[in-house]
Number of protein chains: 2
Amino acid sequence: MIMTLQDRDKKHLWHPLTQHKLHPDHLVITKAKGALLYDEAGKEYIDGIASWYTCMYGHCNDYITEKLHAQMQSLDLVVFSGFTHKPAIALSEALIKILPANQEKLFFSDNGSTAVDIALKMALQYFANKGQKRGKIIALEGGFHGDTFGAMSVSGLSVYNGAFEDYFIDVERIEVPTKENFKTVKQQFTALLSENNVAAFIYEPLVQGAAAMKMYDAHLLDHLLDIAKQHGVITIADEVMTGFGKTGLNFASEHLENLPDIMCLSKAMTAGTTPMAITSCSQKIYDAFLDGDITKGFFHGHTYTAHPLGCTAALAGIELLQTPETQQNIKQIIQSHSEFNAQIKNHPKVSETRQMGVIYALDLNVKMERYGNLRDKIFKAFMKKGVFLRPLGNTIYILPPYIITQEQLSKIYAVIREVLDEL
Amino acid sequence: MIMTLQDRDKKHLWHPLTQHKLHPDHLVITKAKGALLYDEAGKEYIDGIASWYTCMYGHCNDYITEKLHAQMQSLDLVVFSGFTHKPAIALSEALIKILPANQEKLFFSDNGSTAVDIALKMALQYFANKGQKRGKIIALEGGFHGDTFGAMSVSGLSVYNGAFEDYFIDVERIEVPTKENFKTVKQQFTALLSENNVAAFIYEPLVQGAAAMKMYDAHLLDHLLDIAKQHGVITIADEVMTGFGKTGLNFASEHLENLPDIMCLSKAMTAGTTPMAITSCSQKIYDAFLDGDITKGFFHGHTYTAHPLGCTAALAGIELLQTPETQQNIKQIIQSHSEFNAQIKNHPKVSETRQMGVIYALDLNVKMERYGNLRDKIFKAFMKKGVFLRPLGNTIYILPPYIITQEQLSKIYAVIREVLDEL
């Protein structure tokens, strides 16, 4: 008997973020193009979250594919210690041009988690190099920054991290600021910083992705960043999710007055082709490592650091992001979301809606567990109707690729309405 | 004035493992093919370390390039939670076929460091899921397992990690076993395990890469693995460097009687094209996470997990590894190294030589710092003569791509001899 691909998947593959006992079946996707995914039967699904916010210029984008094909024929990889190459240099110039004005240096790695581990190490060693003992990190409750030990430490504690909590770095958490709690949060934040042992404050600017696209106020965050600067604390903006146009501007940090000292970038940077991350920083951070003493250097490295394929993909992605077409599409998506919101926000099943750029989220007034049965039922209802959305608990959110058509967007909205009506 | 690429590199790029004050210049590599790298002037260099042990089938390998080009046109990326795809399934079957017999499940990530963080988390949660409190890890002195916080913790302490040591997980180190120290090492190891709080023992089997290709005895390691098994301690073989043919067999663990519970794979797996890592494990490990209780699942994930491009590259790499041509080439390189060794081992500048598979190392009887001036002088002498080797302290080692020609190998040997004669 010939085994199906789905059965063959079960033999040897251990999927991420999955309890296989409860979720044994994985749908086989055979191809993708533009905003569409296709399964084995040829059924198509609109990719409503751009495959974890990566494929913003469309799946299997021809322009990027041809750039990568050319790169693979000329230079695949070279050790990035002692050597350099044109794709990295060209990317550095293009990226610095669109990053907030104070970002000057780029350190490469392979995913958001390592970008965060690197940011934390930069912050800790920054003070160590200056002979100051500052070892504490402040993070926001409910934040998510990745799954390596450093990144886990600064992520909001979850029941799923119980086996590892003994090994976390020294982190204090403050609530996400709101108008209601701000006085308390500000007091707590200031008190923590007054101990002079805080190295860094890490935050997802304006939108906490894994916390079900929780959005918060730019002015309140700016106020906290003011206080951090006054205390000489390094600010780390984790823009792994928000970067490259998601909030309507190239980076969420552009909505703020205070520029971050360090930024973490990944996901959409390589447009869904190959893993790559960058931890960028200001000249001030870099200069603290520049010394005749070799041990003050930053001795971190991954083998595929700045691999030419990733640099080429990122450069092509930045080119596509800056085209008038993409910028017009982003505006159009923002406008469409806003019109959809006006229609859906008073739906009896909806308790709250929110939008930032192309990110749109609505909460159901139904109690649901993050990975529970009702969540699964809603996920399946979307899929049956040809739309891939990935509810987080009782939150349904859309983060479409920038190339999505108006018809495809309208179908997503219609399917959400249908599923809500059927609840 | 037009800036050179080398000057443009300096503006925004922060290179890994580099003190930029002491090493400001990075050589621009413009293309690579087979065993050769080319700089801007068209000068060619034999890549004597396969660009950090990755490009084993040659730079810009046509077979791999065409497979990747086809993949990029059909499926770039899909979320690997809830979905699966043929490249991951095909890779899983091909890899399981060549891995040690007890390896059954594959968990993907993006580099060796994350593969190690995942292995450590699997080991810790394995015991937590069974209600046992085991939190200590044992590692070998001088081992290197990566640069994220977990991986750093188990790596041999270095002066360069000083700023982070307060935040490491709970690790005890034992000496690499030798005939001379074995009685003591065995006693210490047994004493540590007797406390019943050790979760895992992590080791680079047979060759410690970053410790300048330090090699050690399979029987002695097997003896330690026996003891670990008797105490129910999880064994983790870090084969990021040794995997995929380097030691003459597909994996270094095949030289041992005791199979590891968990293995870490990366580097050569994707043949120098795109970052990808796999943490593989036995059914016993996987089963400890399979439960009706969702929180016993392994809630770790990276966005580009099992990206189709990486799976396609790894599958093509395994195909190439298994061809009679590659296997014959590996045998030929082993034989050539051995003949070179007979000629060079009594050179007055050589204090020790060693070989394991295609890995050959010789130590100079000269005191040198790991990143010191004499090391740099030797590196430059090799480059001037058209050979890229990367001495580690006073160790010169060769780890050539499998497709290297006999002429290219002979040139590496001749250049090493010349440089030793000139010392």
# chains A, B, ... in the order shown; residues from 1 in each chain; ligands from 1

$ interface_residues --of "chain A" --to "chain B" --cutoff "6 Å" --atoms "only C-alpha atoms" --output "number ranges by chain"
A: 9, 12-17, 19, 21, 26-29, 31-32, 51, 60, 72-79, 81-85, 89, 104-107, 125, 128, 147, 149-150, 160, 163, 167, 169, 272-273, 275, 290-291, 294-295, 297, 299-301, 304

$ residues_around --residues "A:Arg375" --least-positions-apart "2" --cutoff "10 Å" --atoms "only C-alpha atoms" --output "PyMOL selection string"
chain A and resi 367-373+377-381+390-396

$ write_last_selection --atoms "N, CA and C atoms" --output "PDB file, in the first residue's frame"
ATOM      1  N   LYS A 367     -14.985  32.935  25.412  1.00  0.00           N
ATOM      2  CA  LYS A 367     -13.762  32.504  26.083  1.00  0.00           C
ATOM      3  C   LYS A 367     -13.156  31.325  25.314  1.00  0.00           C
ATOM      4  N   MET A 368     -11.867  31.459  24.964  1.00  0.00           N
ATOM      5  CA  MET A 368     -11.211  30.387  24.212  1.00  0.00           C
ATOM      6  C   MET A 368      -9.799  30.210  24.707  1.00  0.00           C
ATOM      7  N   GLU A 369      -9.340  28.967  24.745  1.00  0.00           N
ATOM      8  CA  GLU A 369      -7.939  28.733  25.070  1.00  0.00           C
ATOM      9  C   GLU A 369      -7.078  28.953  23.838  1.00  0.00           C
ATOM     10  N   ARG A 370      -5.818  29.340  24.097  1.00  0.00           N
ATOM     11  CA  ARG A 370      -4.915  29.694  23.006  1.00  0.00           C
ATOM     12  C   ARG A 370      -4.833  28.594  21.950  1.00  0.00           C
ATOM     13  N   TYR A 371      -4.722  27.345  22.398  1.00  0.00           N
ATOM     14  CA  TYR A 371      -4.637  26.240  21.444  1.00  0.00           C
ATOM     15  C   TYR A 371      -5.803  25.270  21.664  1.00  0.00           C
ATOM     16  N   GLY A 372      -6.954  25.787  22.078  1.00  0.00           N
ATOM     17  CA  GLY A 372      -8.072  24.929  22.464  1.00  0.00           C
ATOM     18  C   GLY A 372      -8.946  24.482  21.291  1.00  0.00           C
ATOM     19  N   ASN A 373     -10.045  23.791  21.626  1.00  0.00           N
ATOM     20  CA  ASN A 373     -10.904  23.174  20.612  1.00  0.00           C
ATOM     21  C   ASN A 373     -11.675  24.186  19.770  1.00  0.00           C
ATOM     22  N   LYS A 377     -11.653  24.748  15.803  1.00  0.00           N
ATOM     23  CA  LYS A 377     -12.870  24.694  14.994  1.00  0.00           C
ATOM     24  C   LYS A 377     -12.946  25.905  14.047  1.00  0.00           C
ATOM     25  N   ILE A 378     -12.604  27.070  14.594  1.00  0.00           N
ATOM     26  CA  ILE A 378     -12.628  28.291  13.772  1.00  0.00           C
ATOM     27  C   ILE A 378     -11.560  28.239  12.681  1.00  0.00           C
ATOM     28  N   PHE A 379     -10.373  27.772  13.075  1.00  0.00           N
ATOM     29  CA  PHE A 379      -9.282  27.601  12.098  1.00  0.00           C
ATOM     30  C   PHE A 379      -9.761  26.726  10.934  1.00  0.00           C
ATOM     31  N   LYS A 380     -10.392  25.601  11.274  1.00  0.00           N
ATOM     32  CA  LYS A 380     -10.848  24.659  10.236  1.00  0.00           C
ATOM     33  C   LYS A 380     -11.964  25.253   9.380  1.00  0.00           C
ATOM     34  N   ALA A 381     -12.840  26.034  10.001  1.00  0.00           N
ATOM     35  CA  ALA A 381     -13.922  26.673   9.240  1.00  0.00           C
ATOM     36  C   ALA A 381     -13.339  27.630   8.194  1.00  0.00           C
ATOM     37  N   ARG A 390      -4.868  32.265  11.268  1.00  0.00           N
ATOM     38  CA  ARG A 390      -4.378  31.459  12.379  1.00  0.00           C
ATOM     39  C   ARG A 390      -4.784  32.125  13.696  1.00  0.00           C
ATOM     40  N   PRO A 391      -6.034  31.880  14.129  1.00  0.00           N
ATOM     41  CA  PRO A 391      -6.502  32.546  15.352  1.00  0.00           C
ATOM     42  C   PRO A 391      -5.571  32.258  16.535  1.00  0.00           C
ATOM     43  N   LEU A 392      -5.377  33.270  17.366  1.00  0.00           N
ATOM     44  CA  LEU A 392      -4.611  33.101  18.605  1.00  0.00           C
ATOM     45  C   LEU A 392      -5.604  33.273  19.743  1.00  0.00           C
ATOM     46  N   GLY A 393      -5.959  32.160  20.405  1.00  0.00           N
ATOM     47  CA  GLY A 393      -7.001  32.237  21.412  1.00  0.00           C
ATOM     48  C   GLY A 393      -8.257  32.771  20.755  1.00  0.00           C
ATOM     49  N   ASN A 394      -8.890  33.774  21.368  1.00  0.00           N
ATOM     50  CA  ASN A 394     -10.135  34.307  20.790  1.00  0.00           C
ATOM     51  C   ASN A 394      -9.899  35.507  19.866  1.00  0.00           C
ATOM     52  N   THR A 395      -8.670  35.640  19.385  1.00  0.00           N
ATOM     53  CA  THR A 395      -8.358  36.734  18.458  1.00  0.00           C
ATOM     54  C   THR A 395      -8.207  36.206  17.027  1.00  0.00           C
ATOM     55  N   ILE A 396      -8.913  36.836  16.119  1.00  0.00           N
ATOM     56  CA  ILE A 396      -8.735  36.560  14.689  1.00  0.00           C
ATOM     57  C   ILE A 396      -8.004  37.762  14.111  1.00  0.00           C
TER      58      ILE A 396
END

$ select_by_dssp --residues "stretch 253-304 of chain A" --states "helix (DSSP H, G or I)" --output "list in words"
Ser253, Glu254, His255, Lys267, Ala268, Met269, Thr270, Gln283, Lys284, Ile285, Tyr286, Asp287, Ile294, Thr295 and Lys296 of chain A

$ atom_distance --atom1 "atom CA of B:Gly143" --atom2 "atom CA of B:Ala212"
10.2 Å

$ closest_residue --among "A:Gly248, A:Tyr216, A:Ile2, A:Leu99" --to "A:Asp261" --atoms "only C-alpha atoms"
A:Leu99

$ residues_around --residues "stretch 175-189 of chain B" --least-positions-apart "2" --cutoff "7 Å" --atoms "only C-alpha atoms" --output "PyMOL selection string"
chain B and resi 140-141+173+191-193+216+220+224

$ write_last_selection --atoms "C-alpha atoms" --output "short mmCIF file (atom, residue, chain, number, x, y, z; two decimals), in the first residue's frame"
data_model
loop_
_atom_site.label_atom_id
_atom_site.label_comp_id
_atom_site.auth_asym_id
_atom_site.auth_seq_id
_atom_site.Cartn_x
_atom_site.Cartn_y
_atom_site.Cartn_z
CA LEU B 140 33.50 18.56 27.83
CA GLU B 141 36.17 21.15 28.54
CA ARG B 173 32.64 20.31 32.81
CA ALA B 191 30.30 11.05 40.95
CA LEU B 192 28.41 13.80 39.10
CA LEU B 193 25.88 11.35 37.69
CA TYR B 216 40.03 11.97 21.16
CA LEU B 220 37.06 6.22 26.01
CA LEU B 224 31.56 7.52 29.32
#

$ atom_distance --atom1 "atom CA of A:Asn102" --atom2 "atom CA of A:Gly209"
24.8 Å

$ residues_around --residues "A:Asn329" --least-positions-apart "4" --cutoff "7 Å" --atoms "only C-alpha atoms" --output "number ranges by chain"
A: 325, 333, 402-403

$ write_last_selection --atoms "all heavy atoms" --output "PDB file, in the first residue's frame"
ATOM      1  N   GLU A 325       4.144  51.008  -6.341  1.00  0.00           N
ATOM      2  CA  GLU A 325       3.066  50.008  -6.338  1.00  0.00           C
ATOM      3  C   GLU A 325       2.870  49.432  -4.938  1.00  0.00           C
ATOM      4  O   GLU A 325       1.740  49.352  -4.441  1.00  0.00           O
ATOM      5  CB  GLU A 325       3.383  48.851  -7.302  1.00  0.00           C
ATOM      6  CG  GLU A 325       3.352  49.209  -8.778  1.00  0.00           C
ATOM      7  CD  GLU A 325       4.612  49.931  -9.264  1.00  0.00           C
ATOM      8  OE1 GLU A 325       5.559  50.129  -8.458  1.00  0.00           O
ATOM      9  OE2 GLU A 325       4.653  50.321 -10.444  1.00  0.00           O
ATOM     10  N   ILE A 333      -4.626  48.504   1.454  1.00  0.00           N
ATOM     11  CA  ILE A 333      -4.978  47.485   2.463  1.00  0.00           C
ATOM     12  C   ILE A 333      -5.428  48.173   3.760  1.00  0.00           C
ATOM     13  O   ILE A 333      -6.422  47.784   4.375  1.00  0.00           O
ATOM     14  CB  ILE A 333      -3.778  46.544   2.730  1.00  0.00           C
ATOM     15  CG1 ILE A 333      -3.448  45.715   1.477  1.00  0.00           C
ATOM     16  CG2 ILE A 333      -4.063  45.613   3.915  1.00  0.00           C
ATOM     17  CD1 ILE A 333      -2.107  44.995   1.537  1.00  0.00           C
ATOM     18  N   TYR A 402       1.475  42.161   0.814  1.00  0.00           N
ATOM     19  CA  TYR A 402       1.166  43.464   0.209  1.00  0.00           C
ATOM     20  C   TYR A 402       0.587  43.324  -1.194  1.00  0.00           C
ATOM     21  O   TYR A 402      -0.071  44.258  -1.680  1.00  0.00           O
ATOM     22  CB  TYR A 402       2.424  44.343   0.148  1.00  0.00           C
ATOM     23  CG  TYR A 402       3.068  44.603   1.491  1.00  0.00           C
ATOM     24  CD1 TYR A 402       4.460  44.626   1.633  1.00  0.00           C
ATOM     25  CD2 TYR A 402       2.291  44.838   2.632  1.00  0.00           C
ATOM     26  CE1 TYR A 402       5.055  44.865   2.858  1.00  0.00           C
ATOM     27  CE2 TYR A 402       2.887  45.076   3.864  1.00  0.00           C
ATOM     28  CZ  TYR A 402       4.274  45.079   3.969  1.00  0.00           C
ATOM     29  OH  TYR A 402       4.867  45.317   5.182  1.00  0.00           O
ATOM     30  N   ILE A 403       0.823  42.207  -1.850  1.00  0.00           N
ATOM     31  CA  ILE A 403       0.359  42.030  -3.236  1.00  0.00           C
ATOM     32  C   ILE A 403      -1.054  41.461  -3.308  1.00  0.00           C
ATOM     33  O   ILE A 403      -1.534  41.152  -4.396  1.00  0.00           O
ATOM     34  CB  ILE A 403       1.313  41.137  -4.055  1.00  0.00           C
ATOM     35  CG1 ILE A 403       1.610  39.837  -3.301  1.00  0.00           C
ATOM     36  CG2 ILE A 403       2.622  41.854  -4.359  1.00  0.00           C
ATOM     37  CD1 ILE A 403       0.565  38.816  -3.224  1.00  0.00           C
TER      38      ILE A 403
END

$ residues_around --residues "A:Leu409" --least-positions-apart "4" --cutoff "9 Å" --atoms "only C-alpha atoms" --output "short mmCIF file (atom, residue, chain, number, x, y, z; two decimals) with all heavy atoms, in the first residue's frame"
data_model
loop_
_atom_site.label_atom_id
_atom_site.label_comp_id
_atom_site.auth_asym_id
_atom_site.auth_seq_id
_atom_site.Cartn_x
_atom_site.Cartn_y
_atom_site.Cartn_z
N ILE A 46 -6.29 31.45 0.45
CA ILE A 46 -5.68 32.78 0.51
C ILE A 46 -4.83 32.84 1.78
O ILE A 46 -5.32 32.53 2.87
CB ILE A 46 -6.75 33.89 0.53
CG1 ILE A 46 -7.62 33.80 -0.73
CG2 ILE A 46 -6.08 35.26 0.63
CD1 ILE A 46 -8.83 34.74 -0.69
N GLY A 48 -3.76 34.55 4.47
CA GLY A 48 -4.16 35.77 5.16
C GLY A 48 -3.16 36.29 6.17
O GLY A 48 -3.33 37.39 6.71
N ILE A 333 -4.63 48.50 1.45
CA ILE A 333 -4.98 47.48 2.46
C ILE A 333 -5.43 48.17 3.76
O ILE A 333 -6.42 47.78 4.38
CB ILE A 333 -3.78 46.54 2.73
CG1 ILE A 333 -3.45 45.72 1.48
CG2 ILE A 333 -4.06 45.61 3.91
CD1 ILE A 333 -2.11 44.99 1.54
N SER A 336 -8.90 49.42 3.23
CA SER A 336 -9.87 48.31 3.18
C SER A 336 -10.16 47.77 4.57
O SER A 336 -11.31 47.51 4.92
CB SER A 336 -9.33 47.17 2.31
OG SER A 336 -9.17 47.60 0.98
N HIS A 337 -9.10 47.55 5.34
CA HIS A 337 -9.26 47.07 6.72
C HIS A 337 -10.18 48.00 7.49
O HIS A 337 -11.07 47.58 8.24
CB HIS A 337 -7.91 47.02 7.45
CG HIS A 337 -7.05 45.84 7.13
ND1 HIS A 337 -7.49 44.75 6.42
CD2 HIS A 337 -5.75 45.56 7.48
CE1 HIS A 337 -6.50 43.86 6.32
NE2 HIS A 337 -5.44 44.33 6.95
N PRO A 400 -2.05 40.44 5.69
CA PRO A 400 -1.93 39.90 4.32
C PRO A 400 -0.65 40.33 3.62
O PRO A 400 -0.05 41.35 3.98
CB PRO A 400 -3.14 40.53 3.62
CG PRO A 400 -3.31 41.85 4.30
CD PRO A 400 -2.90 41.63 5.74
N ILE A 404 -1.70 41.30 -2.16
CA ILE A 404 -3.05 40.73 -2.18
C ILE A 404 -3.98 41.61 -3.02
O ILE A 404 -3.85 42.85 -3.01
CB ILE A 404 -3.59 40.57 -0.73
CG1 ILE A 404 -4.79 39.61 -0.71
CG2 ILE A 404 -3.93 41.91 -0.09
CD1 ILE A 404 -5.14 39.10 0.68
N THR A 405 -4.88 40.99 -3.76
CA THR A 405 -5.82 41.77 -4.58
C THR A 405 -7.02 42.19 -3.73
O THR A 405 -7.28 41.61 -2.67
CB THR A 405 -6.35 40.95 -5.77
OG1 THR A 405 -7.13 39.86 -5.26
CG2 THR A 405 -5.22 40.43 -6.64
N TYR A 413 -12.56 39.01 4.28
CA TYR A 413 -13.55 39.69 5.13
C TYR A 413 -14.87 38.91 5.15
O TYR A 413 -15.48 38.71 6.21
CB TYR A 413 -13.81 41.11 4.63
CG TYR A 413 -12.60 42.03 4.58
CD1 TYR A 413 -12.47 42.96 3.55
CD2 TYR A 413 -11.61 41.97 5.55
CE1 TYR A 413 -11.38 43.83 3.49
CE2 TYR A 413 -10.50 42.83 5.49
CZ TYR A 413 -10.40 43.75 4.46
OH TYR A 413 -9.33 44.60 4.41
N ALA A 414 -15.29 38.47 3.94
CA ALA A 414 -16.59 37.77 3.83
C ALA A 414 -16.55 36.47 4.63
O ALA A 414 -17.53 36.12 5.32
CB ALA A 414 -16.91 37.50 2.36
#

$ select_by_dssp --residues "stretch 62-259 of chain B" --states "strand (DSSP E)" --output "MDAnalysis selection string"
chainID B and resid 83:84 103:109 136:140 171:174 198:203 207:208 214:215 234:238
